[in-house]
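Heads up, structure-v1.txt below (compact mmCIF, C-alpha atoms):
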```txt
# COMPACT_ATOMS: atom_id res chain seq x y z
CA MET A 8 0.00 0.00 0.00
CA ILE A 9 1.18 3.52 -0.76
CA GLU A 10 2.42 5.74 2.05
CA PHE A 11 2.14 9.45 1.43
CA SER A 12 4.56 12.17 2.48
CA LEU A 13 4.32 15.94 2.18
CA ASP A 14 7.02 18.51 1.51
CA SER A 15 5.96 21.79 3.08
CA ARG A 16 8.82 23.59 1.29
CA SER A 17 7.80 22.51 -2.20
CA GLY A 18 5.22 25.22 -2.78
CA VAL A 19 2.85 22.55 -4.11
CA ALA A 20 -0.55 22.28 -2.42
CA PRO A 21 -0.84 19.20 -0.17
CA TYR A 22 -3.79 17.77 -2.11
CA LEU A 23 -1.74 18.00 -5.33
CA GLN A 24 1.20 16.27 -3.67
CA VAL A 25 -1.07 13.37 -2.62
CA ALA A 26 -2.57 13.11 -6.12
CA GLN A 27 0.90 13.30 -7.74
CA GLN A 28 2.17 10.50 -5.52
CA VAL A 29 -0.72 8.26 -6.59
CA ARG A 30 -0.07 9.04 -10.27
CA GLN A 31 3.62 8.33 -9.79
CA ALA A 32 2.90 5.01 -8.05
CA LEU A 33 0.64 4.06 -10.96
CA ARG A 34 3.32 4.92 -13.53
CA LEU A 35 5.91 2.88 -11.65
CA GLY A 36 3.61 -0.11 -11.25
CA LEU A 37 3.53 0.22 -7.46
CA LEU A 38 -0.25 0.57 -7.62
CA ARG A 39 -2.39 -1.50 -9.95
CA GLU A 40 -6.01 -1.76 -10.91
CA GLY A 41 -8.03 -3.05 -7.96
CA ASP A 42 -5.60 -1.84 -5.28
CA GLN A 43 -7.13 0.11 -2.44
CA LEU A 44 -5.80 3.54 -1.49
CA PRO A 45 -5.34 4.30 2.20
CA THR A 46 -8.52 5.49 3.85
CA VAL A 47 -8.96 9.22 4.35
CA LYS A 48 -8.79 8.59 8.09
CA ASP A 49 -5.44 6.78 7.77
CA VAL A 50 -3.94 9.52 5.57
CA VAL A 51 -5.15 12.22 7.96
CA ALA A 52 -3.57 10.37 10.88
CA SER A 53 -0.23 9.79 9.14
CA LEU A 54 0.15 13.28 7.63
CA ALA A 55 -1.72 15.38 10.23
CA ILE A 56 -3.73 17.18 7.55
CA ASN A 57 -7.36 18.13 7.10
CA PRO A 58 -9.64 15.35 5.78
CA ASN A 59 -10.91 17.73 3.09
CA THR A 60 -7.38 17.88 1.68
CA VAL A 61 -7.32 14.11 1.17
CA LEU A 62 -10.86 14.10 -0.18
CA LYS A 63 -9.92 16.80 -2.70
CA ALA A 64 -6.95 14.72 -3.90
CA TYR A 65 -9.06 11.57 -4.20
CA ARG A 66 -11.83 13.49 -6.04
CA GLU A 67 -9.26 14.81 -8.54
CA LEU A 68 -7.98 11.28 -9.15
CA GLU A 69 -11.56 10.07 -9.54
CA ARG A 70 -12.35 12.88 -12.00
CA ASP A 71 -9.29 11.76 -14.01
CA GLY A 72 -10.66 8.21 -14.09
CA LEU A 73 -7.82 6.71 -12.08
CA VAL A 74 -9.74 5.74 -8.92
CA ALA A 75 -13.31 5.13 -7.80
CA ALA A 76 -14.79 5.57 -4.35
CA ARG A 77 -17.02 2.76 -3.11
CA GLN A 78 -19.43 3.93 -0.42
CA GLY A 79 -18.43 2.48 2.94
CA VAL A 80 -15.63 0.38 1.45
CA GLY A 81 -12.88 2.76 0.29
CA THR A 82 -11.20 4.17 -2.78
CA PHE A 83 -9.83 1.78 -5.37
CA VAL A 84 -7.58 2.08 -8.40
CA THR A 85 -9.63 1.68 -11.58
CA ALA A 86 -6.99 2.37 -14.22
CA THR A 87 -3.28 2.29 -14.60
CA ALA A 88 -1.22 5.16 -15.92
CA VAL A 89 0.58 4.54 -19.15
CA GLY A 90 4.23 3.89 -18.56
CA ALA A 91 7.00 1.42 -19.05
CA PRO A 92 6.37 -2.12 -17.85
CA PRO A 93 7.79 -2.72 -14.34
CA ALA A 94 10.41 -5.13 -15.72
CA ALA A 95 11.83 -2.33 -17.86
CA LEU A 96 12.14 -0.03 -14.87
CA GLU A 97 14.59 -2.05 -12.79
CA PRO A 98 17.63 -1.62 -15.07
CA LEU A 99 16.85 2.09 -15.29
CA ARG A 100 16.56 2.27 -11.51
CA ARG A 101 20.01 0.65 -11.16
CA ASP A 102 21.49 3.15 -13.63
CA LEU A 103 19.82 6.01 -11.79
CA ARG A 104 21.25 4.84 -8.44
CA ARG A 105 24.73 4.84 -9.96
CA TRP A 106 24.13 8.30 -11.44
CA LEU A 107 22.87 9.61 -8.07
CA ALA A 108 25.97 8.27 -6.32
CA LYS A 109 28.12 10.02 -8.94
CA ALA A 110 26.17 13.29 -8.48
CA ARG A 111 26.62 13.11 -4.70
CA ARG A 112 30.35 12.49 -5.09
CA ALA A 113 30.42 15.61 -7.26
CA GLY A 114 28.97 17.54 -4.31
CA LEU A 115 25.32 17.87 -5.35
CA ASP A 116 22.66 17.78 -2.65
CA ASP A 117 18.99 16.79 -3.18
CA GLU A 118 17.94 20.28 -4.23
CA ALA A 119 20.77 20.58 -6.76
CA ILE A 120 19.99 17.13 -8.16
CA GLU A 121 16.29 18.00 -8.49
CA ALA A 122 17.16 21.30 -10.20
CA LEU A 123 19.49 19.54 -12.64
CA VAL A 124 16.91 16.89 -13.50
CA ALA A 125 14.10 19.46 -13.85
CA SER A 126 16.16 21.73 -16.10
CA THR A 127 17.20 18.78 -18.24
CA LEU A 128 13.59 17.65 -18.60
CA ARG A 129 12.48 21.19 -19.49
CA SER A 130 15.12 21.37 -22.19
CA GLY A 131 13.61 18.28 -23.75
CA GLY A 132 16.09 15.87 -22.25
CA GLN A 133 18.09 16.09 -25.43
CA VAL A 134 21.10 13.82 -25.20
CA GLY A 135 23.85 13.64 -27.74
CA ILE A 136 24.28 10.13 -29.09
CA ALA A 137 27.82 9.18 -29.94
```
So, in terms of structure tokens, how does the structure I just supplied come out?
Amino acid sequence: MIEFSLDSRSGVAPYLQVAQQVRQALRLGLLREGDQLPTVKDVVASLAINPNTVLKAYRELERDGLVAARQGVGTFVTATAVGAPPAALEPLRRDLRRWLAKARRAGLDDEAIEALVASTLRSGGQVGIA
């Protein structure tokens, strides 16, 4: 089951962070069709946030057709996000771990790494092929 976390320094609304984490888990194959999301009560207890924040995130995901609420039962994944199959992700994850270790050895902290990745994505991720 997914466990949510919030970054109060991100500038992103908490409900959007929750929704983004569900979308990301779907893309990575960590959540699949039929899986149940944590109850609103459980998310409120773990994150110490207002229940309306969680409900807003779940409603957005429902509006996007990714989850469905079942009265008295919970909220369930109804669709998977399009992405690479989980088997294709593991070699990429290994490469990324090596790259992160190299970035840390070069003196980059989390914020610098995130900035580098974001700027590279914004530039189209163009990579020269030799």
Worksheet item: Which residue out of A:Asp117, A:Glu97, A:Asp14, A:Asp42 has the minimum interatomic distance to Ala76 (chain A) when all atoms listed in the file are used?
Response: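 Nearest candidate to Ala76 (chain A) out of A:Asp117, A:Glu97, A:Asp14, A:Asp42: A:Asp42.
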Practice prompt. Write out as a list in words each polymer residue whose atoms come within 9 Å of Lys63 (chain A), counting only C-alpha atoms; drop sequence neighbours fewer than 6 positions from it.
Written response: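 After dropping sequence-adjacent residues, the list is Tyr22, Leu23 and Ala26 of chain A.
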Worksheet item: In Å, with one decimal, what is the gap from CA of Leu37 (chain A) to CA of Ser130 (chain A)?
Response: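 CA of Ser130 (chain A) lies 28.3 Å from CA of Leu37 (chain A).
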Practice prompt. Would you list the contacts of Leu68 (chain A) as a VMD selection string, taking every protein, DNA or RNA residue within 10 Å and counting all atoms listed in the file, but skipping same-chain residues closer than 2 positions in sequence?
Written response: chain A and resid 23 25 to 27 29 to 30 62 to 66 70 to 75 84
Worksheet item: When distances are computed from all atoms listed in the file, which of A:Ala86, A:Ala122, A:Ala108, A:Leu115 shows the smallest separation from Gly41 (chain A)?
Response: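 Going through A:Ala86, A:Ala122, A:Ala108, A:Leu115 one by one, the smallest distance to Gly41 (chain A) is for A:Ala86.
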Discussion item. When you count only C-alpha atoms, which of these residues is closest to Thr60 (chain A): A:Leu38, A:Ala32, A:Leu13, A:Ala94?
Written reply: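 Checking each of A:Leu38, A:Ala32, A:Leu13, A:Ala94 against Thr60 (chain A), counting only C-alpha atoms, the winner is A:Leu13.
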Item to complete: Find the distance between CA of Pro98 (chain A) and CA of Gln24 (chain A) and write it in Å to one decimal.
Response: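 These atoms are spaced 26.8 Å apart.
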Discussion item. Just to confirm, what's the straight-line distance from CA of Val80 (chain A) to CA of Ser12 (chain A) in Å (one decimal)?
Written reply: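 Computing the Euclidean distance for CA of Val80 (chain A) and CA of Ser12 (chain A) yields 23.4 Å.
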Discussion item. Given all atoms listed in the file as the basis, pick out the residue of A:Ile9, A:Ala125, A:Leu107, A:Ala119 nearest to Leu44 (chain A).
Written reply: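 Checking each candidate against Leu44 (chain A), we get A:Ile9 as the closest.
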Practice prompt. Rank A:Arg105, A:Gly36, A:Ile56, A:Ala113 by their smallest atom-to-atom distance to Ala20 (chain A), using only C-alpha atoms, and report the top residue only.
Written response: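 Of the candidates, the smallest distance to Ala20 (chain A) is held by A:Ile56.
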Discussion item. My list of candidates is A:Ala110, A:Gly18, A:Phe11, A:Leu33. Which is closest to Val61 (chain A) when distances are computed with all atoms listed in the file?
Written reply: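 Of A:Ala110, A:Gly18, A:Phe11, A:Leu33, the one nearest Val61 (chain A) is A:Phe11, counting all atoms listed in the file.
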